[in-house]
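Text of work.cif (mmCIF, C-alpha atoms) as supplied:
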```
data_work
#
loop_
_atom_site.label_atom_id
_atom_site.label_comp_id
_atom_site.auth_asym_id
_atom_site.auth_seq_id
_atom_site.Cartn_x
_atom_site.Cartn_y
_atom_site.Cartn_z
CA MET L 47 16.66 30.94 98.33
CA LYS L 48 17.94 27.81 100.08
CA VAL L 49 18.58 27.85 103.83
CA PRO L 50 20.32 24.68 105.08
CA PHE L 51 19.70 23.56 108.62
CA LEU L 52 23.45 23.43 109.26
CA SER L 53 26.52 23.72 107.05
CA LEU L 54 29.57 22.41 108.88
CA GLN L 55 31.71 23.49 105.93
CA SER L 56 30.64 27.11 106.42
CA LEU L 57 31.07 26.96 110.19
CA ASN L 58 34.55 25.46 110.03
CA GLN L 59 35.83 27.41 107.02
CA ARG L 60 36.54 30.51 109.12
CA TYR L 61 38.94 28.43 111.24
CA SER L 62 40.58 26.73 108.26
CA THR L 63 44.10 28.15 108.66
CA ASP L 64 44.25 27.53 112.41
CA LEU L 65 42.77 24.03 112.06
CA HIS L 66 45.40 23.11 109.47
CA GLU L 67 48.11 24.47 111.74
CA ALA L 68 46.73 22.41 114.63
CA PHE L 69 46.66 19.30 112.45
CA THR L 70 50.28 19.80 111.40
CA ARG L 71 51.36 20.45 114.98
CA VAL L 72 49.85 17.18 116.20
CA VAL L 73 51.16 15.10 113.28
CA GLU L 74 54.67 16.45 113.71
CA SER L 75 54.55 15.82 117.46
CA GLY L 76 54.04 12.08 116.94
CA ARG L 77 51.76 12.04 120.01
CA PHE L 78 48.14 11.18 119.30
CA ILE L 79 46.69 10.00 122.61
CA GLN L 80 46.79 11.84 125.98
CA GLY L 81 49.43 14.40 125.17
CA SER L 82 49.93 18.12 125.62
CA GLU L 83 47.04 19.17 123.36
CA LEU L 84 44.55 17.30 125.53
CA GLU L 85 46.04 18.66 128.74
CA SER L 86 45.94 22.21 127.38
CA PHE L 87 42.37 21.88 126.15
CA GLU L 88 41.21 20.42 129.46
CA ASN L 89 42.72 23.37 131.32
CA GLU L 90 41.28 25.91 128.89
CA PHE L 91 37.79 24.44 128.83
CA ALA L 92 37.71 24.07 132.62
CA THR L 93 38.55 27.77 132.93
CA TYR L 94 35.94 28.68 130.33
CA SER L 95 33.31 26.58 132.15
CA GLU L 96 34.27 28.06 135.55
CA VAL L 97 35.15 24.71 137.10
CA THR L 98 38.35 23.24 138.50
CA HIS L 99 38.56 20.08 136.42
CA CYS L 100 37.83 18.99 132.86
CA VAL L 101 38.52 15.44 131.66
CA GLY L 102 38.29 14.77 127.94
CA VAL L 103 36.59 11.53 126.88
CA ALA L 104 35.47 9.89 123.65
CA ASN L 105 31.90 11.21 123.42
CA GLY L 106 29.02 12.68 125.36
CA LEU L 107 27.27 9.38 126.03
CA GLU L 108 30.36 7.93 127.67
CA ALA L 109 30.92 11.15 129.60
CA ILE L 110 27.66 10.50 131.46
CA GLU L 111 28.41 6.80 131.78
CA LEU L 112 31.87 7.44 133.22
CA LEU L 113 30.47 9.87 135.78
CA LEU L 114 27.90 7.31 136.89
CA ALA L 115 30.69 4.75 137.25
CA ALA L 116 32.86 7.23 139.14
CA TYR L 117 30.02 7.79 141.60
CA SER L 118 29.45 3.99 141.87
CA ILE L 119 25.92 4.26 140.52
CA GLY L 120 24.76 1.00 138.98
CA PRO L 121 22.50 -2.03 139.41
CA GLY L 122 19.80 -1.48 142.02
CA ASP L 123 19.94 2.31 141.67
CA GLU L 124 17.44 4.61 140.00
CA VAL L 125 18.36 7.81 138.17
CA ILE L 126 15.84 10.52 137.36
CA VAL L 127 16.02 11.63 133.72
CA PRO L 128 13.87 13.92 131.57
CA SER L 129 11.18 12.28 129.46
CA ASN L 130 12.02 14.83 126.75
CA THR L 131 15.66 14.45 125.78
CA PHE L 132 18.02 12.83 123.30
CA ILE L 133 18.23 9.13 124.08
CA ALA L 134 21.89 9.27 125.16
CA THR L 135 20.80 10.56 128.57
CA TRP L 136 18.77 7.40 129.12
CA LEU L 137 21.28 5.03 127.48
CA ALA L 138 24.09 6.06 129.80
CA VAL L 139 21.94 5.21 132.81
CA SER L 140 20.88 1.87 131.35
CA ARG L 141 24.44 0.97 130.39
CA SER L 142 25.53 1.62 133.97
CA GLY L 143 23.03 -1.01 135.13
CA ALA L 144 20.85 1.58 136.87
CA THR L 145 17.22 2.26 135.94
CA PRO L 146 16.11 5.48 134.21
CA ILE L 147 13.08 7.06 135.87
CA ALA L 148 11.36 9.50 133.52
CA VAL L 149 10.06 12.86 134.74
CA GLU L 150 8.05 15.14 132.48
CA PRO L 151 9.27 18.57 131.30
CA ASP L 152 7.93 22.01 131.96
CA PRO L 153 5.57 22.53 128.97
CA LYS L 154 6.93 26.07 128.46
CA THR L 155 10.70 25.51 128.62
CA HIS L 156 10.72 21.80 127.60
CA ASN L 157 13.33 21.27 130.33
CA LEU L 158 13.00 19.00 133.35
CA ASN L 159 10.19 20.22 135.59
CA SER L 160 11.64 20.62 139.08
CA ASP L 161 8.15 20.51 140.61
CA ALA L 162 7.62 16.98 139.27
CA ILE L 163 10.88 15.44 140.53
CA GLU L 164 10.00 14.81 144.15
CA SER L 165 7.09 12.47 143.40
CA ALA L 166 9.47 10.26 141.37
CA ILE L 167 11.99 9.82 144.18
CA THR L 168 12.17 6.43 145.91
CA PRO L 169 14.63 4.86 148.36
CA LYS L 170 16.52 3.60 145.28
CA THR L 171 17.03 7.03 143.74
CA ALA L 172 20.72 7.92 143.51
CA ALA L 173 20.92 10.87 141.14
CA ILE L 174 19.14 13.40 138.95
CA ILE L 175 20.34 14.18 135.42
CA PRO L 176 18.88 17.50 134.23
CA VAL L 177 19.49 18.32 130.57
CA HIS L 178 20.10 21.88 129.39
CA LEU L 179 18.00 21.17 126.33
CA TYR L 180 18.35 23.23 123.14
CA GLY L 181 21.13 25.24 124.85
CA GLN L 182 18.85 26.66 127.56
CA PRO L 183 19.69 26.00 131.23
CA ALA L 184 17.35 23.95 133.35
CA ASP L 185 16.20 25.52 136.63
CA MET L 186 19.19 24.30 138.59
CA ASP L 187 18.56 26.03 141.93
CA ALA L 188 15.18 24.32 142.20
CA ILE L 189 16.60 20.98 141.10
CA ASN L 190 19.54 21.24 143.49
CA SER L 191 17.16 22.09 146.32
CA VAL L 192 15.23 18.86 145.79
CA ALA L 193 18.47 16.91 145.45
CA MET L 194 19.91 18.35 148.65
CA LYS L 195 16.73 17.56 150.56
CA HIS L 196 16.96 13.90 149.51
CA GLN L 197 20.78 13.66 149.44
CA LEU L 198 20.95 12.95 145.72
CA LEU L 199 23.70 13.61 143.20
CA VAL L 200 23.08 16.06 140.36
CA ILE L 201 24.84 15.35 137.07
CA GLU L 202 24.23 17.96 134.38
CA ASP L 203 23.84 16.86 130.78
CA ALA L 204 25.40 19.96 129.23
CA ALA L 205 25.89 18.52 125.74
CA GLN L 206 23.89 21.34 124.12
CA SER L 207 24.82 24.26 126.35
CA GLN L 208 28.48 25.20 126.05
CA GLY L 209 28.60 28.86 127.07
CA ALA L 210 25.04 29.10 128.41
CA ARG L 211 24.54 30.79 131.77
CA TYR L 212 22.10 30.33 134.64
CA ARG L 213 21.68 33.27 137.01
CA GLY L 214 25.09 34.49 135.85
CA ARG L 215 26.82 31.12 136.32
CA SER L 216 28.12 28.83 133.60
CA THR L 217 26.34 25.57 132.88
CA GLY L 218 28.61 22.64 133.61
CA GLY L 219 29.40 23.91 137.09
CA LEU L 220 25.92 23.94 138.60
CA GLY L 221 25.72 20.39 139.98
CA HIS L 222 28.13 17.82 141.40
CA ALA L 223 29.50 17.20 137.91
CA ALA L 224 28.56 17.62 134.26
CA ALA L 225 28.91 15.76 130.99
CA THR L 226 29.22 17.45 127.62
CA SER L 227 29.59 16.48 123.97
CA PHE L 228 31.72 17.88 121.17
CA TYR L 229 29.80 16.18 118.36
CA PRO L 230 30.50 18.26 115.20
CA GLY L 231 27.11 19.99 115.22
CA LYS L 232 27.37 21.25 118.81
CA ASN L 233 28.04 24.90 119.60
CA LEU L 234 31.60 23.78 120.40
CA GLY L 235 31.99 21.02 117.86
CA ALA L 236 35.02 18.89 117.07
CA LEU L 237 35.82 17.45 113.64
CA GLY L 238 34.75 14.04 114.90
CA ASP L 239 33.37 12.62 118.12
CA GLY L 240 34.42 13.89 121.52
CA GLY L 241 33.17 14.66 125.00
CA ALA L 242 34.24 15.73 128.47
CA ILE L 243 33.27 15.74 132.11
CA LEU L 244 33.40 18.89 134.22
CA THR L 245 33.57 19.03 138.00
CA ASN L 246 34.99 20.82 141.02
CA ASP L 247 35.54 17.46 142.74
CA GLY L 248 39.16 16.42 142.32
CA LYS L 249 38.51 12.83 143.42
CA ILE L 250 35.82 12.33 140.80
CA ALA L 251 38.00 13.91 138.09
CA SER L 252 40.86 11.61 139.06
CA LYS L 253 38.62 8.54 138.99
CA VAL L 254 37.32 9.44 135.53
CA ARG L 255 40.91 9.82 134.33
CA TYR L 256 41.54 6.23 135.45
CA LEU L 257 38.26 4.93 134.04
CA ARG L 258 38.73 6.49 130.59
CA ASN L 259 42.12 4.79 130.21
CA TYR L 260 41.45 1.11 131.00
CA GLY L 261 41.49 1.85 134.74
CA SER L 262 45.16 2.74 134.50
CA ALA L 263 47.39 5.66 135.42
CA GLU L 264 50.58 3.78 134.60
CA LYS L 265 50.89 1.73 131.44
CA TYR L 266 50.11 -1.97 131.99
CA ARG L 267 49.10 -1.31 135.61
CA HIS L 268 45.32 -1.44 136.03
CA GLU L 269 43.88 -0.46 139.38
CA ILE L 270 40.19 -0.65 138.44
CA MET L 271 38.18 -2.11 135.59
CA GLY L 272 37.99 0.77 133.14
CA TYR L 273 37.02 1.77 129.63
CA ASN L 274 38.73 2.99 126.49
CA SER L 275 37.18 6.46 126.22
CA ARG L 276 39.72 9.14 125.43
CA LEU L 277 39.54 12.47 123.62
CA ASP L 278 42.39 12.20 121.14
CA GLU L 279 45.08 14.80 120.49
CA LEU L 280 43.76 15.86 117.09
CA GLN L 281 40.27 16.60 118.36
CA ALA L 282 41.68 18.36 121.42
CA ALA L 283 43.82 20.55 119.17
CA PHE L 284 40.85 21.37 116.94
CA LEU L 285 38.70 22.15 119.97
CA ARG L 286 41.34 24.53 121.32
CA VAL L 287 41.06 26.48 118.07
CA LYS L 288 37.27 26.57 118.12
CA LEU L 289 37.01 27.35 121.83
CA ARG L 290 38.63 30.72 121.14
CA GLY L 291 35.71 31.61 118.88
CA LEU L 292 32.90 30.10 120.95
CA ASP L 293 31.67 33.32 122.56
CA ALA L 294 31.44 35.03 119.16
CA GLU L 295 29.64 31.99 117.71
CA ASN L 296 27.16 32.00 120.58
CA LYS L 297 26.62 35.76 120.30
CA ARG L 298 25.62 35.37 116.66
CA ARG L 299 23.23 32.55 117.57
CA GLN L 300 21.67 34.86 120.15
CA GLU L 301 21.29 37.57 117.50
CA VAL L 302 19.60 35.12 115.12
CA ALA L 303 17.29 33.94 117.91
CA ALA L 304 16.34 37.53 118.71
CA LEU L 305 15.42 38.12 115.06
CA PHE L 306 13.28 34.97 115.06
CA LEU L 307 11.54 35.90 118.30
CA THR L 308 10.67 39.34 116.97
CA GLY L 309 9.85 38.33 113.43
CA LEU L 310 7.67 35.36 114.37
CA ASP L 311 5.81 37.05 117.20
CA GLY L 312 2.10 36.69 116.53
CA SER L 313 2.65 34.05 113.82
CA SER L 314 1.07 30.60 113.67
CA VAL L 315 3.93 28.91 115.57
CA GLY L 316 4.56 28.71 119.28
CA LEU L 317 7.85 30.35 120.21
CA PRO L 318 10.49 29.31 122.76
CA PHE L 319 10.01 30.62 126.29
CA VAL L 320 13.11 31.98 128.01
CA PRO L 321 12.94 32.51 131.81
CA HIS L 322 14.48 35.75 133.08
CA TRP L 323 17.31 33.84 134.76
CA ALA L 324 18.44 31.99 131.63
CA GLU L 325 21.02 33.06 129.05
CA PRO L 326 20.63 30.39 126.37
CA VAL L 327 23.13 29.80 123.60
CA TRP L 328 20.49 28.50 121.17
CA HIS L 329 21.95 25.20 120.12
CA LEU L 330 18.48 24.75 118.66
CA PHE L 331 15.60 27.13 117.97
CA VAL L 332 12.50 25.01 118.50
CA VAL L 333 9.01 26.16 117.61
CA ARG L 334 5.71 24.31 118.04
CA SER L 335 2.86 23.77 115.63
CA LYS L 336 -0.22 21.56 115.69
CA GLU L 337 0.40 21.21 111.96
CA ARG L 338 4.10 20.49 112.34
CA ASP L 339 4.42 17.97 109.52
CA ARG L 340 2.59 20.18 107.03
CA LEU L 341 4.68 23.19 108.11
CA GLN L 342 7.88 21.21 107.66
CA SER L 343 6.79 20.14 104.18
CA HIS L 344 5.91 23.75 103.31
CA LEU L 345 9.32 25.00 104.43
CA ALA L 346 11.10 22.20 102.56
CA SER L 347 9.26 23.18 99.36
CA CYS L 348 10.58 26.71 99.93
CA GLY L 349 14.18 25.53 100.33
CA VAL L 350 14.29 25.81 104.13
CA GLU L 351 15.69 22.72 105.84
CA THR L 352 14.34 21.86 109.29
CA LEU L 353 14.73 18.95 111.72
CA ILE L 354 12.70 17.47 114.56
CA HIS L 355 14.25 17.21 118.02
CA TYR L 356 12.92 14.65 118.81
CA PRO L 357 10.30 12.72 116.81
CA VAL L 358 10.19 9.72 119.16
CA PRO L 359 10.66 10.14 122.94
CA PRO L 360 12.96 7.62 124.66
CA HIS L 361 10.15 5.65 126.30
CA LYS L 362 8.62 4.95 122.86
CA GLN L 363 11.85 3.69 121.31
CA LEU L 364 12.10 -0.01 120.45
CA CYS L 365 15.16 -0.40 122.66
CA TYR L 366 13.01 0.68 125.63
CA LYS L 367 10.02 -1.54 124.88
CA GLU L 368 9.65 -2.24 128.61
CA TYR L 369 8.61 1.43 128.94
CA SER L 370 6.20 1.37 125.98
CA ALA L 371 3.07 1.32 128.14
CA LEU L 372 4.26 4.36 130.08
CA HIS L 373 2.12 7.41 129.37
CA LEU L 374 4.12 10.63 129.39
CA PRO L 375 1.71 13.04 127.71
CA ILE L 376 3.89 16.16 127.66
CA ALA L 377 6.87 14.44 126.05
CA GLU L 378 4.56 12.69 123.60
CA GLN L 379 2.86 15.95 122.65
CA LEU L 380 6.19 17.69 122.16
CA ALA L 381 7.27 14.88 119.84
CA ARG L 382 4.20 15.63 117.70
CA ASP L 383 4.54 19.43 117.74
CA VAL L 384 8.19 20.54 117.79
CA LEU L 385 10.15 21.74 114.80
CA SER L 386 13.74 23.00 114.84
CA LEU L 387 14.46 25.95 112.57
CA PRO L 388 17.94 26.62 111.18
CA ILE L 389 20.09 28.54 113.65
CA ASN L 390 23.85 28.90 113.55
CA SER L 391 26.54 31.55 113.36
CA ALA L 392 26.89 31.25 109.58
CA MET L 393 23.32 32.44 108.94
CA THR L 394 22.84 35.90 107.45
CA ASN L 395 20.01 38.26 108.30
CA ASP L 396 18.63 37.53 104.83
CA ASP L 397 18.55 33.82 105.68
CA VAL L 398 16.60 34.57 108.84
CA GLU L 399 14.14 36.87 107.06
CA CYS L 400 13.63 34.19 104.42
CA VAL L 401 12.65 31.62 107.06
CA ILE L 402 10.39 34.12 108.84
CA GLY L 403 8.66 35.04 105.61
CA HIS L 404 7.93 31.45 104.62
CA ILE L 405 6.52 30.67 108.08
CA ARG L 406 4.30 33.74 107.95
CA ASP L 407 3.10 32.64 104.49
CA PHE L 408 2.05 29.27 105.90
CA SER L 409 -1.65 28.77 106.46
#
```

Exercise: express the given structure as structure tokens:
Amino acid sequence: MKVPFLSLQSLNQRYSTDLHEAFTRVVESGRFIQGSELESFENEFATYSEVTHCVGVANGLEAIELLLAAYSIGPGDEVIVPSNTFIATWLAVSRSGATPIAVEPDPKTHNLNSDAIESAITPKTAAIIPVHLYGQPADMDAINSVAMKHQLLVIEDAAQSQGARYRGRSTGGLGHAAATSFYPGKNLGALGDGGAILTNDGKIASKVRYLRNYGSAEKYRHEIMGYNSRLDELQAAFLRVKLRGLDAENKRRQEVAALFLTGLDGSSVGLPFVPHWAEPVWHLFVVRSKERDRLQSHLASCGVETLIHYPVPPHKQLCYKEYSALHLPIAEQLARDVLSLPINSAMTNDDVECVIGHIRDFS
């Protein structure tokens, strides 16, 4: 029995009729950039995320970058980032001209360790970017407490957590602002690239609207030096369709995760830890094994596809060779141990039992 890590065809097939209708609607409108579909999606996703403003942009990386620009964070500033994250979190900081300052994760949750932040703060620190990794919220009250004490901005990287909740509140509305991604494999995935910023600060939302559109609110009138980073009408229309099904998609992911947690209890792999205050949406289900590579090979031979998130931490990437001597033991150990099992709303219970059985057969 083959179990793919992710089948976008299967995930999108259930929306096929509505996606085709959305495509036709946009084509017949003749409006492909910054039209009514984008405005409607922004309003709908802001409501879903329990914030006042959503601004659609081209991708998740630029969502972070635009927020940093909107807050005038750049050369001479430092921004605290997790050592264990997808590299986009770091790249956005570097592209702004600021310096990423890596802080290690909590070994249990793999999210930014709030207890380790304060020792990394200097007079140059301008912001903290916690990542809700794997779809599980970071400990935002603790992070916000440190930020408030030192008068720092908090920008959530919510690219993996659409629909996740922290102490009953939606991720994306837990800091000063948030960035998210609609890359096709996300819980709320477009049919191409896309991203957005979320905030309750109208001035920041307005500034990002200028920045995403060449620094312009009126055609050929440019008030600030901006970017070309817009969520197009087609992707906005597709996202409106898929947003309506997001809660059901997330509920199925939670059901699959519950089966994994029960079925793999006492097995050879280390299981995800979920704090009592977190309601994750399981963008990824990440286990740990000291024999990760051999386990992955075993599962592949059984037809189970897995991935590694992430095999090389940012500070060990060639593009960050100036950080190569930095020793971040927790992130480095995670890179050696973690393995992402298939988890998505298209999986059947038989798929899950198949994966569990093959892991339990591993020795």

Within 12 Å of region 258-273 of chain L, which residues of region 160-245 of chain L show up? Give each one with its shortest atom-to-atom distance in Å (one decimal) and the two atoms involved, counting all atoms listed in the file, rows by chain then rising residue number, as JSON lines.
```
{"residue": "L:Gly241", "atom": "CA", "partner": "L:Arg258", "partner_atom": "CA", "distance": 11.4}
{"residue": "L:Ala242", "atom": "CA", "partner": "L:Arg258", "partner_atom": "CA", "distance": 10.5}
{"residue": "L:Ile243", "atom": "CA", "partner": "L:Arg258", "partner_atom": "CA", "distance": 10.8}
```

- Query: Separation of CA of Asn246 (chain L) and CA of Leu198 (chain L), in Å?
  - Reply: 16.8 Å

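Run against this file, the PyMOL selection byres ((chain L and resi 293) around 12) gives back L:Tyr94, L:Ser95, L:Ser207, L:Gln208, L:Gly209, L:Ala210, L:Arg211, L:Asn233, L:Leu234, L:Lys288, L:Leu289, L:Arg290, L:Gly291, L:Leu292, L:Ala294, L:Glu295, L:Asn296, L:Lys297, L:Arg298, L:Arg299, L:Gln300, L:Val327, L:Ser391.
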
- Task: Could you state which residues are captured by the PyMOL selection byres ((chain L and resi 249) around 12) in this file, as a count of residues only?
- Result: 18

- Message: Please list as number ranges by chain every residue within 10 Å of region 148-154 of chain L, counting all atoms listed in the file and excluding residues in the same chain fewer than 3 positions away.
- Response: L: 125-131, 136, 145, 157-166, 176, 184, 316-321, 360-361, 369, 372, 374-380

- Given the file above and the PyMOL selection byres ((chain L and resi 111) around 12), which residues are selected, and can you give them as a VMD selection string? chain L and resid 103 to 110 112 to 120 125 134 to 144 175 201 203 224 to 226 241 to 243 254 257 to 258 272 to 273 275

For the structure just given, write the atoms of region 124-142 of chain L, namely N, CA and C atoms, as an mmCIF file, in the first residue's frame.
```cif
data_model
loop_
_atom_site.group_PDB
_atom_site.id
_atom_site.type_symbol
_atom_site.label_atom_id
_atom_site.label_comp_id
_atom_site.auth_asym_id
_atom_site.auth_seq_id
_atom_site.Cartn_x
_atom_site.Cartn_y
_atom_site.Cartn_z
ATOM 1 N N GLU L 124 18.642 44.506 14.852
ATOM 2 C CA GLU L 124 18.699 43.064 15.020
ATOM 3 C C GLU L 124 17.288 42.530 15.238
ATOM 4 N N VAL L 125 17.031 41.352 14.700
ATOM 5 C CA VAL L 125 15.723 40.711 14.837
ATOM 6 C C VAL L 125 15.933 39.291 15.331
ATOM 7 N N ILE L 126 15.286 38.955 16.420
ATOM 8 C CA ILE L 126 15.406 37.614 16.989
ATOM 9 C C ILE L 126 14.538 36.642 16.192
ATOM 10 N N VAL L 127 15.170 35.556 15.755
ATOM 11 C CA VAL L 127 14.493 34.526 14.959
ATOM 12 C C VAL L 127 14.798 33.153 15.559
ATOM 13 N N PRO L 128 13.946 32.168 15.313
ATOM 14 C CA PRO L 128 14.251 30.818 15.799
ATOM 15 C C PRO L 128 15.433 30.213 15.040
ATOM 16 N N SER L 129 16.221 29.419 15.724
ATOM 17 C CA SER L 129 17.282 28.682 15.040
ATOM 18 C C SER L 129 16.708 27.514 14.256
ATOM 19 N N ASN L 130 15.502 27.077 14.626
ATOM 20 C CA ASN L 130 14.848 25.936 13.984
ATOM 21 C C ASN L 130 13.621 26.429 13.237
ATOM 22 N N THR L 131 13.786 26.697 11.960
ATOM 23 C CA THR L 131 12.694 27.221 11.143
ATOM 24 C C THR L 131 13.050 27.062 9.674
ATOM 25 N N PHE L 132 12.055 27.225 8.800
ATOM 26 C CA PHE L 132 12.343 27.325 7.368
ATOM 27 C C PHE L 132 13.106 28.620 7.127
ATOM 28 N N ILE L 133 13.998 28.607 6.179
ATOM 29 C CA ILE L 133 14.944 29.698 5.989
ATOM 30 C C ILE L 133 14.280 31.027 5.636
ATOM 31 N N ALA L 134 13.045 31.001 5.158
ATOM 32 C CA ALA L 134 12.375 32.258 4.778
ATOM 33 C C ALA L 134 12.318 33.240 5.943
ATOM 34 N N THR L 135 12.175 32.730 7.161
ATOM 35 C CA THR L 135 12.124 33.623 8.325
ATOM 36 C C THR L 135 13.406 34.438 8.428
ATOM 37 N N TRP L 136 14.524 33.792 8.224
ATOM 38 C CA TRP L 136 15.825 34.465 8.261
ATOM 39 C C TRP L 136 16.017 35.363 7.034
ATOM 40 N N LEU L 137 15.669 34.844 5.863
ATOM 41 C CA LEU L 137 15.917 35.597 4.619
ATOM 42 C C LEU L 137 15.209 36.940 4.619
ATOM 43 N N ALA L 138 13.988 36.974 5.131
ATOM 44 C CA ALA L 138 13.251 38.241 5.158
ATOM 45 C C ALA L 138 13.997 39.275 5.985
ATOM 46 N N VAL L 139 14.546 38.851 7.121
ATOM 47 C CA VAL L 139 15.308 39.765 7.965
ATOM 48 C C VAL L 139 16.548 40.244 7.235
ATOM 49 N N SER L 140 17.277 39.320 6.633
ATOM 50 C CA SER L 140 18.500 39.694 5.921
ATOM 51 C C SER L 140 18.206 40.618 4.750
ATOM 52 N N ARG L 141 17.131 40.347 4.027
ATOM 53 C CA ARG L 141 16.795 41.187 2.877
ATOM 54 C C ARG L 141 16.372 42.591 3.298
ATOM 55 N N SER L 142 15.906 42.724 4.528
ATOM 56 C CA SER L 142 15.550 44.059 5.028
ATOM 57 C C SER L 142 16.791 44.880 5.376
#
```
